[in-house]
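Structure file data25.cif; described as mmCIF, C-alpha atoms and all ligand atoms.
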data_entry
#
loop_
_atom_site.label_atom_id
_atom_site.label_comp_id
_atom_site.auth_asym_id
_atom_site.auth_seq_id
_atom_site.Cartn_x
_atom_site.Cartn_y
_atom_site.Cartn_z
CA MET A 1 22.75 4.45 52.01
CA PRO A 2 19.88 6.21 53.74
CA THR A 3 20.67 9.56 55.35
CA PRO A 4 20.16 10.32 59.06
CA ALA A 5 17.41 12.72 57.93
CA LEU A 6 15.52 9.78 56.42
CA PHE A 7 15.81 7.88 59.71
CA THR A 8 14.39 10.97 61.45
CA ASP A 9 11.47 10.95 58.99
CA VAL A 10 10.81 7.31 59.92
CA ASP A 11 11.07 8.17 63.61
CA ASN A 12 8.59 11.04 63.26
CA LEU A 13 6.09 8.88 61.38
CA VAL A 14 6.38 6.13 64.00
CA ARG A 15 6.05 8.48 66.97
CA ALA A 16 2.95 10.11 65.45
CA ALA A 17 1.20 6.75 64.87
CA ASN A 18 -1.08 4.80 67.19
CA HIS A 19 -1.70 1.52 65.40
CA ILE A 20 1.01 0.26 63.07
CA VAL A 21 0.62 -2.66 60.68
CA VAL A 22 3.83 -4.44 59.70
CA ILE A 23 3.52 -6.26 56.38
CA GLN A 24 5.57 -9.16 55.04
CA ALA A 25 5.21 -10.13 51.38
CA GLU A 26 4.07 -13.50 50.14
CA ASN A 27 7.51 -15.06 50.68
CA PRO A 28 8.17 -14.71 54.42
CA ASP A 29 11.69 -15.72 55.50
CA GLY A 30 13.88 -15.49 58.58
CA ASP A 31 14.75 -11.87 57.85
CA SER A 32 11.22 -10.64 57.21
CA LEU A 33 9.81 -12.54 60.20
CA GLY A 34 12.64 -11.59 62.59
CA SER A 35 12.36 -7.96 61.45
CA SER A 36 8.58 -7.93 61.95
CA LEU A 37 8.83 -9.42 65.44
CA ALA A 38 11.64 -7.04 66.39
CA LEU A 39 9.48 -4.12 65.27
CA GLU A 40 6.60 -5.51 67.33
CA GLU A 41 8.84 -5.34 70.43
CA ILE A 42 10.36 -1.95 69.66
CA LEU A 43 7.12 -0.24 68.64
CA GLY A 44 5.30 -1.89 71.55
CA ASP A 45 7.87 -0.40 73.94
CA LEU A 46 7.23 2.96 72.27
CA GLY A 47 3.57 2.58 73.28
CA LYS A 48 2.19 1.63 69.86
CA LYS A 49 -0.38 -1.00 68.99
CA VAL A 50 1.20 -3.33 66.42
CA THR A 51 -0.37 -5.85 64.05
CA LEU A 52 1.90 -8.25 62.15
CA TYR A 53 0.38 -9.23 58.82
CA CYS A 54 1.41 -11.75 56.18
CA PRO A 55 -0.94 -13.10 53.49
CA VAL A 56 0.52 -16.63 53.58
CA ASN A 57 1.17 -19.03 56.44
CA ILE A 58 4.56 -18.75 58.08
CA PRO A 59 6.53 -21.79 56.85
CA LYS A 60 7.13 -24.50 59.46
CA TYR A 61 10.91 -24.23 59.29
CA LEU A 62 10.60 -20.73 60.79
CA GLY A 63 8.90 -22.18 63.86
CA TYR A 64 12.11 -21.69 65.85
CA ILE A 65 11.44 -17.95 65.78
CA GLN A 66 9.42 -17.28 68.92
CA GLY A 67 6.28 -15.28 68.26
CA TRP A 68 5.79 -16.46 64.65
CA ASP A 69 2.21 -17.39 65.59
CA ARG A 70 1.36 -13.74 66.29
CA VAL A 71 1.54 -13.03 62.54
CA VAL A 72 -2.02 -12.91 61.21
CA ASP A 73 -3.45 -13.27 57.72
CA ASP A 74 -6.51 -11.10 58.48
CA PHE A 75 -5.85 -7.61 57.26
CA PRO A 76 -6.44 -5.21 60.16
CA ASN A 77 -8.70 -2.18 60.25
CA ASN A 78 -8.15 1.32 61.61
CA PHE A 79 -4.38 1.39 61.59
CA ASP A 80 -2.66 4.69 60.87
CA LEU A 81 0.81 3.67 59.66
CA THR A 82 2.05 0.83 57.47
CA ILE A 83 5.58 -0.56 57.56
CA ILE A 84 6.50 -2.99 54.77
CA VAL A 85 9.58 -5.07 55.56
CA ASP A 86 12.15 -6.77 53.37
CA THR A 87 10.72 -6.04 49.93
CA ALA A 88 9.59 -3.20 47.71
CA SER A 89 8.63 -5.56 44.91
CA ALA A 90 5.10 -4.91 43.70
CA VAL A 91 4.93 -8.47 42.36
CA LEU A 92 5.77 -10.02 45.73
CA LEU A 93 3.32 -7.69 47.44
CA GLU A 94 0.51 -8.33 44.95
CA ARG A 95 -1.01 -11.03 47.05
CA ALA A 96 -0.11 -9.33 50.33
CA ILE A 97 -1.99 -6.21 49.36
CA ILE A 98 -5.19 -6.54 47.37
CA PRO A 99 -6.86 -3.46 45.80
CA GLU A 100 -9.26 -2.80 48.72
CA GLN A 101 -6.31 -2.81 51.09
CA VAL A 102 -4.27 -0.56 48.82
CA ALA A 103 -6.98 2.08 49.25
CA GLN A 104 -6.87 1.64 53.03
CA ILE A 105 -3.08 1.78 53.16
CA ALA A 106 -2.90 4.83 50.89
CA GLN A 107 -4.90 6.89 53.40
CA HIS A 108 -2.00 6.87 55.85
CA PRO A 109 1.79 7.07 55.69
CA VAL A 110 3.73 4.03 54.46
CA ILE A 111 7.35 3.17 55.24
CA VAL A 112 9.28 0.53 53.28
CA LEU A 113 12.34 -0.94 55.03
CA ASP A 114 14.40 -2.98 52.59
CA HIS A 115 17.91 -3.96 51.52
CA HIS A 116 17.24 -5.37 48.04
CA LEU A 117 18.72 -3.92 44.89
CA THR A 118 15.53 -4.27 42.93
CA GLU A 119 13.47 -1.13 43.22
CA GLY A 120 9.76 -1.31 43.67
CA THR A 121 6.88 0.44 42.02
CA LEU A 122 4.27 0.47 44.74
CA PRO A 123 0.80 1.84 44.03
CA PHE A 124 0.92 4.37 46.91
CA THR A 125 3.14 7.15 48.21
CA HIS A 126 5.72 5.80 50.61
CA THR A 127 8.92 6.62 52.46
CA ALA A 128 11.44 4.17 51.02
CA VAL A 129 14.34 3.34 53.30
CA THR A 130 16.46 1.08 51.12
CA ASP A 131 19.98 0.28 52.22
CA THR A 132 21.82 -2.11 49.94
CA THR A 133 24.94 -1.95 52.14
CA VAL A 134 23.35 -3.95 54.95
CA VAL A 135 23.00 -7.71 54.82
CA ALA A 136 19.46 -7.89 56.17
CA THR A 137 16.44 -5.74 56.92
CA GLY A 138 17.18 -6.60 60.55
CA GLU A 139 20.52 -4.81 60.30
CA LEU A 140 18.77 -1.76 58.83
CA ILE A 141 16.28 -1.75 61.73
CA TYR A 142 19.19 -2.00 64.16
CA ASN A 143 20.77 1.08 62.54
CA ILE A 144 17.51 3.02 62.70
CA ALA A 145 17.04 2.01 66.34
CA GLN A 146 20.55 3.24 67.18
CA SER A 147 20.04 6.49 65.32
CA CYS A 148 16.59 7.23 66.78
CA ALA A 149 17.22 5.90 70.29
CA TRP A 150 14.56 3.22 69.93
CA PRO A 151 14.58 0.75 72.82
CA LEU A 152 16.08 -2.69 72.10
CA ASN A 153 14.94 -5.11 74.77
CA LYS A 154 16.29 -8.66 74.94
CA MET A 155 13.57 -10.11 72.72
CA ALA A 156 13.91 -7.35 70.10
CA SER A 157 17.66 -7.99 70.12
CA GLU A 158 17.14 -11.73 69.62
CA GLN A 159 14.75 -11.15 66.70
CA LEU A 160 17.19 -8.77 65.01
CA ILE A 161 20.03 -11.27 65.42
CA ILE A 162 17.82 -13.99 63.91
CA SER A 163 17.01 -11.85 60.90
CA ILE A 164 20.66 -10.92 60.36
CA LEU A 165 21.89 -14.52 60.75
CA ALA A 166 19.19 -15.76 58.36
CA ASP A 167 20.08 -13.45 55.47
CA SER A 168 23.85 -13.54 56.06
CA LEU A 169 23.81 -17.36 56.35
CA GLY A 170 25.41 -17.08 59.76
CA LEU A 171 27.55 -13.99 58.93
CA MET A 172 29.22 -15.82 56.05
CA THR A 173 27.91 -14.10 52.92
CA GLU A 174 29.83 -11.53 50.91
CA ALA A 175 27.39 -8.78 51.96
CA THR A 176 28.30 -9.32 55.63
CA THR A 177 30.48 -6.45 56.88
CA ALA A 178 32.34 -5.62 60.08
CA LYS A 179 29.39 -3.34 60.86
CA THR A 180 27.06 -6.34 60.61
CA ILE A 181 29.19 -8.32 63.04
CA ARG A 182 29.43 -5.33 65.41
CA ALA A 183 25.64 -5.00 65.32
CA VAL A 184 25.28 -8.67 66.27
CA ALA A 185 27.90 -8.32 69.02
CA ASN A 186 26.07 -5.31 70.48
CA LEU A 187 22.79 -7.21 70.33
CA VAL A 188 24.37 -10.22 72.09
CA ASP A 189 25.35 -7.75 74.83
CA ASN A 190 21.63 -7.31 75.46
CA GLY A 191 21.51 -10.84 76.82
CA VAL A 192 20.92 -12.97 73.71
CA SER A 193 22.33 -16.52 73.50
CA LEU A 194 23.37 -17.51 69.97
CA SER A 195 23.62 -21.19 70.87
CA THR A 196 20.07 -21.23 72.25
CA ILE A 197 18.79 -19.76 68.99
CA ASP A 198 20.78 -22.22 66.90
CA ASN A 199 19.72 -25.27 68.90
CA ARG A 200 16.11 -24.25 68.40
CA ARG A 201 16.72 -23.74 64.69
CA ARG A 202 18.34 -27.16 64.27
CA GLU A 203 15.45 -28.83 66.05
CA PHE A 204 13.05 -27.31 63.49
CA MET A 205 15.32 -28.32 60.58
CA LYS A 206 14.97 -32.03 61.33
CA LYS A 207 13.40 -33.99 58.50
CA SER A 208 11.04 -36.93 58.64
CA PRO A 209 12.18 -40.19 57.00
CA ALA A 210 9.61 -39.57 54.23
CA ILE A 211 11.11 -36.17 53.46
CA LEU A 212 14.62 -37.59 53.35
CA ALA A 213 13.43 -40.27 50.89
CA TYR A 214 11.75 -37.57 48.78
CA LYS A 215 14.99 -35.59 48.81
CA GLY A 216 16.68 -38.70 47.38
CA ARG A 217 14.18 -38.76 44.52
CA LEU A 218 14.66 -35.06 43.83
CA LEU A 219 18.43 -35.51 43.69
CA GLN A 220 17.94 -38.21 41.03
CA ARG A 221 15.91 -35.81 38.89
CA ILE A 222 18.31 -32.86 38.73
CA GLU A 223 18.94 -31.82 35.12
CA TYR A 224 22.23 -30.35 34.02
CA HIS A 225 22.27 -27.86 31.14
CA LEU A 226 24.80 -25.55 29.47
CA ASP A 227 27.65 -28.04 29.81
CA GLY A 228 26.87 -28.52 33.47
CA ALA A 229 26.89 -24.81 34.38
CA LEU A 230 23.15 -24.83 35.13
CA ALA A 231 21.51 -27.31 37.50
CA LEU A 232 17.73 -27.37 37.26
CA ILE A 233 15.02 -29.11 39.25
CA HIS A 234 11.30 -29.11 38.52
CA VAL A 235 8.87 -29.50 41.41
CA PRO A 236 5.33 -30.13 40.12
CA TRP A 237 2.20 -29.17 42.04
CA GLU A 238 1.47 -32.73 43.25
CA GLU A 239 4.74 -32.74 45.17
CA ILE A 240 4.28 -29.21 46.50
CA ALA A 241 0.88 -30.28 47.80
CA GLU A 242 2.23 -33.46 49.36
CA TYR A 243 5.46 -32.24 50.92
CA SER A 244 5.70 -28.47 51.23
CA ASP A 245 3.79 -28.41 54.48
CA GLN A 246 6.68 -30.40 55.96
CA TYR A 247 9.57 -28.97 53.99
CA ASN A 248 10.03 -26.64 51.05
CA PRO A 249 11.00 -29.05 48.22
CA SER A 250 13.36 -26.61 46.46
CA VAL A 251 15.18 -25.84 49.70
CA LEU A 252 15.79 -29.59 50.12
CA VAL A 253 18.11 -29.70 47.13
CA ILE A 254 19.02 -26.27 45.79
CA ASP A 255 22.15 -25.79 47.88
CA GLU A 256 23.36 -29.29 47.08
CA MET A 257 22.80 -28.46 43.39
CA ARG A 258 24.95 -25.38 43.73
CA LEU A 259 27.72 -27.44 45.32
CA VAL A 260 28.15 -29.73 42.32
CA THR A 261 31.42 -29.44 40.38
CA GLY A 262 30.98 -27.19 37.35
CA VAL A 263 27.61 -25.80 38.40
CA ARG A 264 27.47 -22.00 38.42
CA VAL A 265 23.73 -21.43 38.73
CA ALA A 266 21.11 -23.61 40.42
CA ILE A 267 17.41 -23.09 39.75
CA ALA A 268 14.31 -24.72 41.18
CA LEU A 269 11.10 -24.30 39.20
CA LYS A 270 7.74 -24.97 40.80
CA THR A 271 4.54 -25.30 38.79
CA TYR A 272 1.05 -24.63 40.15
CA PRO A 273 -2.43 -25.58 38.88
CA ASP A 274 -3.31 -21.97 37.97
CA GLY A 275 -0.35 -21.78 35.57
CA LYS A 276 1.87 -20.00 38.07
CA ILE A 277 5.54 -20.90 37.75
CA THR A 278 7.99 -19.77 40.41
CA GLY A 279 11.76 -19.85 40.12
CA LYS A 280 14.27 -19.89 42.97
CA ILE A 281 17.76 -18.99 41.78
CA ARG A 282 21.10 -19.48 43.52
CA GLY A 283 24.38 -18.30 42.02
CA ASN A 284 27.94 -19.30 42.85
CA PRO A 285 30.80 -16.82 43.43
CA ASP A 286 31.82 -17.25 39.76
CA ALA A 287 28.31 -16.29 38.61
CA LYS A 288 26.78 -13.43 40.58
CA VAL A 289 23.88 -13.35 38.17
CA ALA A 290 20.86 -14.55 40.16
CA GLU A 291 19.20 -11.15 40.23
CA THR A 292 19.90 -10.50 36.55
CA ILE A 293 18.29 -13.78 35.54
CA ALA A 294 15.28 -13.16 37.80
CA GLY A 295 14.90 -9.70 36.28
CA PHE A 296 14.20 -11.19 32.85
CA PHE A 297 11.16 -12.90 34.36
CA GLY A 298 9.87 -9.94 36.35
CA GLY A 299 11.54 -10.93 39.62
CA GLY A 300 14.44 -9.67 41.67
CA GLY A 301 16.72 -10.28 44.61
CA HIS A 302 20.44 -10.32 45.20
CA PRO A 303 23.46 -11.35 43.09
CA TYR A 304 23.57 -14.80 44.73
CA VAL A 305 19.93 -15.31 45.65
CA ALA A 306 16.90 -14.27 43.65
CA GLY A 307 13.45 -15.37 42.59
CA PHE A 308 10.67 -14.74 40.13
CA ARG A 309 7.09 -15.63 39.41
CA THR A 310 5.52 -15.91 36.01
CA TYR A 311 2.39 -17.42 34.46
CA SER A 312 2.27 -19.92 31.62
CA ASP A 313 0.51 -23.17 30.86
CA ASN A 314 3.56 -24.35 28.98
CA TYR A 315 6.27 -25.38 31.41
CA GLU A 316 8.60 -26.62 28.67
CA SER A 317 8.64 -23.28 26.86
CA VAL A 318 9.35 -21.38 30.10
CA LYS A 319 12.14 -23.84 30.84
CA HIS A 320 13.71 -23.37 27.43
CA GLU A 321 13.45 -19.59 27.70
CA LEU A 322 15.09 -19.81 31.11
CA ILE A 323 17.97 -21.96 29.87
CA ALA A 324 18.56 -19.55 26.96
CA THR A 325 18.45 -16.60 29.35
CA VAL A 326 20.95 -18.17 31.76
CA ASP A 327 23.23 -18.90 28.79
CA ARG A 328 23.07 -15.28 27.58
CA VAL A 329 23.48 -13.81 31.07
CA LEU A 330 26.48 -16.02 31.88
CA GLN A 331 28.16 -15.14 28.57
CA ALA A 332 27.62 -11.42 29.17
CA TYR A 333 28.88 -11.80 32.75
CA ASP A 334 32.06 -13.57 31.62
CA HIS A 335 32.57 -11.06 28.82
CA ASP A 336 32.25 -8.11 31.24
CA LYS A 337 34.69 -9.72 33.62
CA THR A 338 37.36 -10.25 30.98
CA ALA A 339 36.74 -6.96 29.18
MN MN A 401 16.09 -9.87 53.57
#
Please rewrite the model in this file as structure tokens.
Amino acid sequence: MPTPALFTDVDNLVRAANHIVVIQAENPDGDSLGSSLALEEILGDLGKKVTLYCPVNIPKYLGYIQGWDRVVDDFPNNFDLTIIVDTASAVLLERAIIPEQVAQIAQHPVIVLDHHLTEGTLPFTHTAVTDTTVVATGELIYNIAQSCAWPLNKMASEQLIISILADSLGLMTEATTAKTIRAVANLVDNGVSLSTIDNRRREFMKKSPAILAYKGRLLQRIEYHLDGALALIHVPWEEIAEYSDQYNPSVLVIDEMRLVTGVRVAIALKTYPDGKITGKIRGNPDAKVAETIAGFFGGGGHPYVAGFRTYSDNYESVKHELIATVDRVLQAYDHDKTA
């Protein structure tokens, strides 16, 4: 857990800055976006100019988060502090921060606010505030705000709640603590309506008939390996190109895959024309191995949720390596549990 002194360091860096750029990696989600927008409010109230940057478009399903359209993909100039939210993974930041920008960023202080186990190796000096005891980066920002007397207006409070609810799956994951729930309760006290947020979210979750039909086809294609312990789906580029603007294909089925009898790990593999292969991994309570599996392919994440990215022009060989890895990891996990 970060010390109060570290929070003071963050506070000092923030107070000394004029123009702060907040960076999300190439996989924006509800936590990274809610955290960025909350920081925009908080830092704005502290009199700072804030630019929210993300190298990829914010996915449509996050449209319920008000202010998403203020995130830009043009890297700003003449900022004097960088805050990276929700990751310290160099791989995930590779596309977010290209070499020219690394040089720019390195000229000024950098703060990383994160709650992931996987440690990063970033190519510049930075103040890492990593707290693996919180459920979301939003909860970490709430704690910093409390400790440093940062203002939390109604909108900042809403954005922090959104980020916490996104990563805790509505306060239902194992990493959710009483502190998390207290943070949300205190934020609700600032005038936030949970039902208003959730109605907006549901509206954006609606699928078109075409997407529902595509989901049906994906469900038909799920492969089961390792005596049914591993459920695997492959989403080729043609389908990413056709559907992902409307709905992330892996998200359509991965939770259903995890909820099949006997399945312990669910994985969605996507293949891209440049040979990129991404893996989204979900583990069940009897297999908290998602991060371990991702680690073998240069990725990271949490015990239940993790991801990786690799490059190969041979999908089949990556798939077989993955199946063998899951087999090994599950055996080691079961052995450790019974040992
Ligand atoms: Mn997060």
Selected residue of minimal separation from ligand MN 401 (chain A) among A:Asp313, A:Asp9, A:Asp29, A:Glu238, counting all atoms listed in the file:
A:Asp29
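You will find CA of Ile197 (chain A) at 7.6 Å from CA of Tyr64 (chain A).
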Which protein, DNA or RNA residues have an atom within 6 Å of ligand MN 401 (chain A), counting all atoms listed in the file, as an mmCIF file with C-alpha atoms, in the coordinates of the input?
data_model
loop_
_atom_site.group_PDB
_atom_site.id
_atom_site.type_symbol
_atom_site.label_atom_id
_atom_site.label_comp_id
_atom_site.auth_asym_id
_atom_site.auth_seq_id
_atom_site.Cartn_x
_atom_site.Cartn_y
_atom_site.Cartn_z
ATOM 1 C CA ASP A 31 14.750 -11.870 57.850
ATOM 2 C CA ASP A 86 12.150 -6.770 53.370
ATOM 3 C CA ALA A 136 19.460 -7.890 56.170
ATOM 4 C CA THR A 137 16.440 -5.740 56.920
ATOM 5 C CA ASP A 167 20.080 -13.450 55.470
#
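With all atoms listed in the file as the basis for measurement, A:Asp274 is the residue among A:Asp274, A:Asp189, A:Asp245, A:Glu291 that approaches Ser312 (chain A) most closely.
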By how many Å are CA of Val188 (chain A) and CA of Tyr142 (chain A) apart?
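The value is 12.5 Å.
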Exercise: Thr261 (chain A) partners within 12 Å, all atoms listed in the file, chain neighbours under 2 positions left out, as number ranges by chain:
A: 224, 227-231, 256-259, 263-266, 284
Let me make sure I understand: among A:Leu6, A:Val329, A:Val72, A:Ile42, which one has the smallest atom-to-atom distance to Lys154 (chain A) if we use all atoms listed in the file?
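Closest candidate: A:Ile42.
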Give me the residues within 9 Å of His116 (chain A) as a PyMOL selection string, counting all atoms listed in the file and dropping any in the same chain fewer than 4 places off.
chain A and resi 86-88+130-132+136-137+300-302
